[in-house]
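Enquirer: Supplied in structure tokens, the structure appears directly below.
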Amino acid sequence: GSFVTVVALAIGGGFLWLWNDAEVSTVGEEQFDNELSIPPLAKSRVDKDGTRVFDLRMQAGEKEFEDGRKTPTWGFNGDYLGPTLRAERGEKVRVRIRNDLDEASTVHWHGMHLPAKMDGGPHQMIKPGGSWRPDWTVNQPASTLWYHPHPHGATEKHVQRGLAGMFLLDDKRSARLKLPKKYGVDDLPVIVQDVKFDGAKFDHGHEMMRNVGFLGDRTMVNGTLRPYQEVGDELVRLRLLNASTARTYDFGFPDDRSFSLVGTDGGLLEQPARMERVQLSPGERAEIVVRVEPGEKTVLRSFPQDNYGGSWQQRFSGGDDSFDVLELRAAKQLRASGDIPWRLGELEVPDGKNPARGRFFDLKQSGINGRAMEMDRIDETVTRGATETWTVRNNNGMPHNFHVHDVQFRVLKVNGEAPPPELRGAKDTVFLPSGTTMKLAMRFDGPADPDTPYMYHCHLLAHEDDGMMGQFVVVERGQSAGAPSGGRHDG
Ligand code: C2O
Ligand code: CU
């Protein structure tokens, strides 16, 4: 039965929360009857000067997720989501983007180190019918990055309609490593989104939960509902991306088997870490390698969050906050995978000793450090080449996370303690439940551009849209910030 309950919760000052506790999800009873769709690897060509060129077209369409009925969607080069871009460290890449939507948008390269004018933040708008051709040289370790729109005030809507895709980077070291690496076979992109349908149509409404944004009542992977994937290798690498707009997941398996965490947002860990759960808030990635037994079926599940001494998402959204995300069906005979290497990547994030300076960021839904985002206000000016420590605090009574453009950082401390394994690699986004303070170390390698800001923000997209975002520029020593322009382009 569906009924609306009004409950007052004494969270962070006694807001009045409304929730609809209609359906309870059916963990353990989910029928996985759709083969997982694997985003195609984007075609590219190499120019005379060696530049790898990709083409992306933002387009409106419709997709039949189930029931033979269709819902309007957006996608890159298709109806929903986008192809997987892939490039190597050292390569120059160019992406030729065309916006065939009837709204202006942008394309941001989440996790990528690149010049501010190429970043695809809210200053690099592409008008309807317009185009944009950013290029840059990839100079960072092998990693699982992603791309999505970033128009100020409308990011939640644009991502939710389907504009997102993966951007994988490789390097010499990762090419040699004995990790599963057959794309779509034993190395699977896993783009997780929560959704809600009203009949066949997407229901993107979140009036009841405005405080955290949209929370759906079921999940899909790569745009597939109730997905299964057949696997033929003993070890399966899952590149988990939380592309949801507000929901945090706590991934694991029903039998609590352990798996190896091999990578975080910005690339491979130095050593694999044995884990039973890995938590990802919106925008975060984790690469895990899991062992399957011949002939078995197992399920990647998201378990209820235990922050706030209970599941905050359950309180906000109803349901039991558990999701059966993806079924893995192992073949009766499996190809041997060998062991996971003991040494993986090399961390290139600074250790935070002797920082040039420290900064402090207080997260509130109303803004960061007491200010809501303004397109023409630069909030922070950093010197090219400087290592800084950023201390980020959430005591706002609700969950937030924190993402910084252009850099990967090291988590030095979580509430004064050493970080847990999933926060020991290179990160660009971290989850901060209320009551959390984190100290991060990052180096700003430029190039300097006093007029074009990068963003830092909460990646709960409704919060970001509402102004939980700030801007920083990278300048040469002694230079001051200019007036935000974002760089003109041919759009
Ligand atoms: Cu994934 Cu500023 O965003
Ligand atoms: Cu937030």
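Each chain of the structure tokens is named A, B, ... in the order shown, its residues numbered from 1; ligands are numbered from 1 in display order.
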All residues within 8 Å of ligand 1 are required, counting only C-alpha atoms and all ligand atoms; please report them as a ChimeraX atom specification.
Expert: /A:108-111,121,146-148,150,283,403-405,455-457,459
Enquirer: How about saving the chosen residues, N, CA and C atoms kept, as an mmCIF file, in the first residue's frame?
Expert:
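What ended up in result35.cif:
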```cif
data_model
loop_
_atom_site.group_PDB
_atom_site.id
_atom_site.type_symbol
_atom_site.label_atom_id
_atom_site.label_comp_id
_atom_site.auth_asym_id
_atom_site.auth_seq_id
_atom_site.Cartn_x
_atom_site.Cartn_y
_atom_site.Cartn_z
ATOM 1 N N HIS A 108 31.957 17.903 -19.365
ATOM 2 C CA HIS A 108 33.068 17.978 -18.411
ATOM 3 C C HIS A 108 33.763 16.621 -18.314
ATOM 4 N N TRP A 109 35.092 16.656 -18.210
ATOM 5 C CA TRP A 109 35.908 15.423 -18.137
ATOM 6 C C TRP A 109 36.260 15.206 -16.675
ATOM 7 N N HIS A 110 35.428 14.462 -15.995
ATOM 8 C CA HIS A 110 35.560 14.309 -14.540
ATOM 9 C C HIS A 110 36.805 13.477 -14.196
ATOM 10 N N GLY A 111 37.708 14.094 -13.452
ATOM 11 C CA GLY A 111 38.933 13.413 -13.028
ATOM 12 C C GLY A 111 40.139 13.710 -13.894
ATOM 13 N N GLY A 121 33.475 22.865 -17.766
ATOM 14 C CA GLY A 121 32.662 23.345 -16.649
ATOM 15 C C GLY A 121 31.603 24.322 -17.139
ATOM 16 N N TRP A 146 35.313 9.721 -16.146
ATOM 17 C CA TRP A 146 34.028 9.751 -16.851
ATOM 18 C C TRP A 146 33.729 11.157 -17.341
ATOM 19 N N TYR A 147 32.697 11.267 -18.158
ATOM 20 C CA TYR A 147 32.330 12.576 -18.683
ATOM 21 C C TYR A 147 30.826 12.785 -18.546
ATOM 22 N N HIS A 148 30.452 14.036 -18.339
ATOM 23 C CA HIS A 148 29.033 14.374 -18.154
ATOM 24 C C HIS A 148 28.870 15.883 -18.285
ATOM 25 N N HIS A 150 27.740 19.833 -17.362
ATOM 26 C CA HIS A 150 27.991 20.644 -16.159
ATOM 27 C C HIS A 150 27.403 22.053 -16.290
ATOM 28 N N GLY A 283 29.690 10.251 -8.301
ATOM 29 C CA GLY A 283 30.891 10.708 -8.985
ATOM 30 C C GLY A 283 32.112 9.863 -8.704
ATOM 31 N N HIS A 403 34.126 17.346 -4.604
ATOM 32 C CA HIS A 403 34.867 17.018 -5.824
ATOM 33 C C HIS A 403 35.664 18.238 -6.242
ATOM 34 N N VAL A 404 36.907 18.022 -6.627
ATOM 35 C CA VAL A 404 37.757 19.114 -7.104
ATOM 36 C C VAL A 404 38.149 18.810 -8.545
ATOM 37 N N HIS A 405 37.965 19.779 -9.422
ATOM 38 C CA HIS A 405 38.347 19.609 -10.829
ATOM 39 C C HIS A 405 39.865 19.681 -10.999
ATOM 40 N N MET A 455 36.179 24.215 -11.021
ATOM 41 C CA MET A 455 35.158 24.138 -9.979
ATOM 42 C C MET A 455 35.584 23.213 -8.843
ATOM 43 N N TYR A 456 35.050 23.457 -7.673
ATOM 44 C CA TYR A 456 34.993 22.440 -6.611
ATOM 45 C C TYR A 456 33.558 22.477 -6.117
ATOM 46 N N HIS A 457 33.016 21.321 -5.776
ATOM 47 C CA HIS A 457 31.595 21.316 -5.428
ATOM 48 C C HIS A 457 31.157 20.019 -4.790
ATOM 49 N N HIS A 459 28.990 16.815 -5.193
ATOM 50 C CA HIS A 459 28.551 16.080 -6.385
ATOM 51 C C HIS A 459 27.168 15.447 -6.194
#
```
Enquirer: Env of stretch 427-430 of chain A: 6 Å cut, atoms = only C-alpha atoms, seq-sep filter 3 positions within chain, self excluded. Answer as an mmCIF file with N, CA and C atoms, in the first residue's frame.
Expert:
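The result, written out as result_35.cif:
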```
data_model
loop_
_atom_site.group_PDB
_atom_site.id
_atom_site.type_symbol
_atom_site.label_atom_id
_atom_site.label_comp_id
_atom_site.auth_asym_id
_atom_site.auth_seq_id
_atom_site.Cartn_x
_atom_site.Cartn_y
_atom_site.Cartn_z
ATOM 1 N N ASP A 265 39.415 6.582 -7.705
ATOM 2 C CA ASP A 265 39.080 7.579 -8.730
ATOM 3 C C ASP A 265 40.196 7.828 -9.734
ATOM 4 N N GLY A 266 41.416 8.033 -9.206
ATOM 5 C CA GLY A 266 42.490 8.523 -10.059
ATOM 6 C C GLY A 266 43.456 7.468 -10.529
ATOM 7 N N GLU A 284 32.099 9.087 -7.606
ATOM 8 C CA GLU A 284 33.281 8.286 -7.253
ATOM 9 C C GLU A 284 33.341 7.002 -8.081
ATOM 10 N N ASN A 401 29.212 15.461 -0.566
ATOM 11 C CA ASN A 401 30.543 15.007 -0.937
ATOM 12 C C ASN A 401 31.296 16.191 -1.528
ATOM 13 N N PHE A 402 32.535 15.965 -1.929
ATOM 14 C CA PHE A 402 33.373 17.084 -2.346
ATOM 15 C C PHE A 402 34.238 16.629 -3.503
ATOM 16 N N HIS A 403 34.126 17.346 -4.604
ATOM 17 C CA HIS A 403 34.867 17.018 -5.824
ATOM 18 C C HIS A 403 35.664 18.238 -6.242
ATOM 19 N N VAL A 404 36.907 18.022 -6.627
ATOM 20 C CA VAL A 404 37.757 19.114 -7.104
ATOM 21 C C VAL A 404 38.149 18.810 -8.545
ATOM 22 N N GLN A 408 43.982 15.215 -8.858
ATOM 23 C CA GLN A 408 43.722 14.061 -8.008
ATOM 24 C C GLN A 408 44.396 14.388 -6.683
ATOM 25 N N PHE A 409 43.768 13.992 -5.599
ATOM 26 C CA PHE A 409 44.355 14.321 -4.296
ATOM 27 C C PHE A 409 44.565 13.066 -3.447
#
```
Enquirer: Counting only C-alpha atoms and all ligand atoms, what are the residues, protein, DNA or RNA alike, that approach ligand 2 to within 6 Å? I want them as a list in words.
Expert: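 So, counting only C-alpha atoms and all ligand atoms, the residues near ligand 2 are Gln365, His400, Asn401, Cys458, Leu460 and His463 of chain A.
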Enquirer: Quick one: everything within 8 Å of A:Glu422, counting only C-alpha atoms, minus sequence neighbours fewer than 5 positions away in the same chain. Send it as a PyMOL selection string.
Expert: chain A and resi 261+264+278
Enquirer: Which neighbours of A:Asn99 fall inside 9 Å, counting only C-alpha atoms, when residues of the same chain fewer than 4 positions from it are skipped, and could you give them as an MDAnalysis selection string?
Expert: chainID A and resid 56:59 103:106 126:132
Enquirer: So which bits of stretch 171-391 of chain A end up strand (DSSP E) when you DSSP the backbone, as a ChimeraX atom specification?
Expert: /A:187-195,197-198,201-202,218-221,224-225,227-233,235-242,249-252,259-264,267-275,278-280,285-291,297-302,323-335,357-364,367-368,380-383,387-391
Enquirer: Output the selection as a compact mmCIF listing (two decimals), in the first residue's frame - C-alpha atoms for each residue.
Expert:
```txt
# COMPACT_ATOMS: atom_id res chain seq x y z
CA ASP A 187 36.92 -6.02 -17.53
CA LEU A 188 33.44 -4.55 -17.23
CA PRO A 189 32.28 -0.95 -17.13
CA VAL A 190 29.58 -0.74 -14.42
CA ILE A 191 27.75 2.60 -14.56
CA VAL A 192 25.24 2.54 -11.71
CA GLN A 193 22.25 4.86 -11.63
CA ASP A 194 19.10 4.85 -9.55
CA VAL A 195 15.89 5.48 -11.43
CA PHE A 197 9.46 5.06 -13.49
CA ASP A 198 5.94 6.33 -13.65
CA LYS A 201 8.25 7.12 -18.32
CA PHE A 202 11.13 8.33 -16.20
CA ARG A 218 15.60 0.79 -8.38
CA THR A 219 18.96 0.70 -10.07
CA MET A 220 20.23 0.04 -13.53
CA VAL A 221 23.70 -0.62 -14.91
CA THR A 224 20.07 -1.94 -18.34
CA LEU A 225 17.40 -2.81 -15.78
CA PRO A 227 21.03 -6.88 -15.76
CA TYR A 228 23.02 -10.10 -15.93
CA GLN A 229 26.43 -10.69 -17.41
CA GLU A 230 27.93 -14.04 -18.38
CA VAL A 231 31.55 -14.40 -17.41
CA GLY A 232 34.08 -16.96 -18.59
CA ASP A 233 37.11 -16.03 -16.51
CA LEU A 235 38.60 -13.14 -12.12
CA VAL A 236 36.31 -10.32 -13.14
CA ARG A 237 37.27 -6.68 -12.91
CA LEU A 238 34.39 -4.30 -12.29
CA ARG A 239 34.96 -0.61 -12.98
CA LEU A 240 32.29 0.78 -10.69
CA LEU A 241 31.08 4.30 -11.37
CA ASN A 242 28.40 5.87 -9.21
CA TYR A 249 26.00 2.83 -2.56
CA ASP A 250 27.78 0.31 -0.37
CA PHE A 251 28.77 -2.43 -2.80
CA GLY A 252 29.51 -6.03 -1.90
CA PHE A 259 37.25 -8.94 -3.35
CA SER A 260 40.32 -6.93 -4.22
CA LEU A 261 40.08 -3.21 -4.49
CA VAL A 262 42.66 -2.36 -7.16
CA GLY A 263 41.83 1.22 -8.11
CA THR A 264 40.15 4.38 -6.92
CA GLY A 267 44.01 5.15 -10.83
CA LEU A 268 45.50 1.97 -9.46
CA LEU A 269 46.41 1.53 -5.82
CA GLU A 270 50.00 0.68 -4.95
CA GLN A 271 48.77 -2.67 -3.64
CA PRO A 272 45.41 -4.41 -3.83
CA ALA A 273 43.29 -4.23 -0.67
CA ARG A 274 41.03 -7.10 0.44
CA MET A 275 37.57 -5.72 1.13
CA VAL A 278 33.18 -0.49 -0.95
CA GLN A 279 31.20 2.69 -0.55
CA LEU A 280 30.77 5.10 -3.45
CA ARG A 285 34.80 5.22 -8.92
CA ALA A 286 36.34 1.99 -7.66
CA GLU A 287 37.94 -0.82 -9.60
CA ILE A 288 37.44 -4.17 -7.93
CA VAL A 289 38.48 -7.67 -8.94
CA VAL A 290 36.24 -10.48 -7.78
CA ARG A 291 36.72 -14.25 -8.08
CA LYS A 297 25.51 -17.00 -10.05
CA THR A 298 26.34 -14.14 -7.78
CA VAL A 299 25.01 -10.66 -7.41
CA LEU A 300 26.69 -7.33 -6.96
CA ARG A 301 24.55 -5.83 -4.22
CA SER A 302 24.38 -2.44 -2.56
CA PHE A 323 19.64 -3.03 -4.30
CA ASP A 324 20.56 -6.07 -6.31
CA VAL A 325 22.60 -4.33 -8.95
CA LEU A 326 24.10 -6.86 -11.36
CA GLU A 327 24.07 -10.64 -11.62
CA LEU A 328 27.27 -12.39 -12.68
CA ARG A 329 26.70 -15.80 -14.28
CA ALA A 330 29.87 -17.84 -14.33
CA ALA A 331 30.40 -20.43 -17.05
CA LYS A 332 30.79 -24.09 -16.00
CA GLN A 333 34.37 -23.98 -17.21
CA LEU A 334 36.34 -20.86 -16.44
CA ARG A 335 39.56 -19.65 -18.00
CA ARG A 357 49.34 26.73 2.14
CA GLY A 358 46.19 25.27 3.64
CA ARG A 359 42.60 26.20 2.92
CA PHE A 360 39.38 25.41 4.70
CA PHE A 361 36.00 24.57 3.21
CA ASP A 362 32.82 24.39 5.22
CA LEU A 363 30.07 22.48 3.43
CA LYS A 364 26.50 23.62 3.77
CA GLY A 367 26.86 27.09 -0.14
CA ILE A 368 30.52 26.49 0.60
CA GLU A 380 40.22 30.83 -4.51
CA THR A 381 43.45 31.65 -6.31
CA VAL A 382 46.20 29.03 -6.29
CA THR A 383 49.76 29.24 -7.55
CA THR A 387 51.07 21.72 -3.10
CA GLU A 388 48.22 22.66 -0.78
CA THR A 389 46.20 20.99 1.93
CA TRP A 390 42.45 21.48 1.81
CA THR A 391 40.47 20.74 4.93
```
Enquirer: Would you give me, as number ranges by chain, the residues in stretch 163-248 of chain A that DSSP reads as alpha helix (DSSP H)?
Expert: A: 172-176
Enquirer: Go ahead and compute the interatomic distance for atom CA of A:Thr437 and atom CA of A:Glu417, in Å to one decimal.
Expert: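 Those two atoms sit 10.1 Å apart.
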Enquirer: Write out as a ChimeraX atom specification the residues lying within 9 Å of A:Met375, counting only C-alpha atoms and excluding same-chain residues fewer than 3 positions away.
Expert: /A:122-123,152,378,470-471,484
Enquirer: Would you export the selected residues with C-alpha atoms as a tab-separated table (two decimals), in the first residue's frame, please?
Expert:
```
chain	number	residue	atom	x	y	z
A	122	PRO	CA	29.79	25.84	-16.56
A	123	HIS	CA	31.80	28.48	-18.45
A	152	HIS	CA	25.21	25.68	-13.91
A	378	ILE	CA	36.55	33.64	-8.20
A	470	GLY	CA	32.93	27.43	-5.84
A	471	GLN	CA	35.56	28.45	-8.37
A	484	PRO	CA	35.95	34.68	-15.31
```
Enquirer: Pick out the closest residue to A:Leu412 from this set: A:Arg98, A:Met398, A:Lys353, A:Arg393. Count only C-alpha atoms.
Expert: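 Smallest separation from A:Leu412 among the options: A:Lys353.
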Enquirer: From the set A:Glu476, A:Asp79, A:Gly345, A:Asn222, which residue has the shortest atom-to-atom contact distance to A:Glu35, counting only C-alpha atoms?
Expert: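 Answer, going by the shortest atom-to-atom distance: A:Asn222.
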Enquirer: Between atom CA of A:Arg94 and atom CA of A:Val53, what is the distance, to one decimal in Å?
Expert: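 These atoms are spaced 4.8 Å apart.
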Enquirer: Report, in Å with one decimal, the straight-line distance from atom CA of A:Gly467 to atom CA of A:Glu156.
Expert: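 So the two atoms, atom CA of A:Gly467 and atom CA of A:Glu156, lie 12.4 Å apart.
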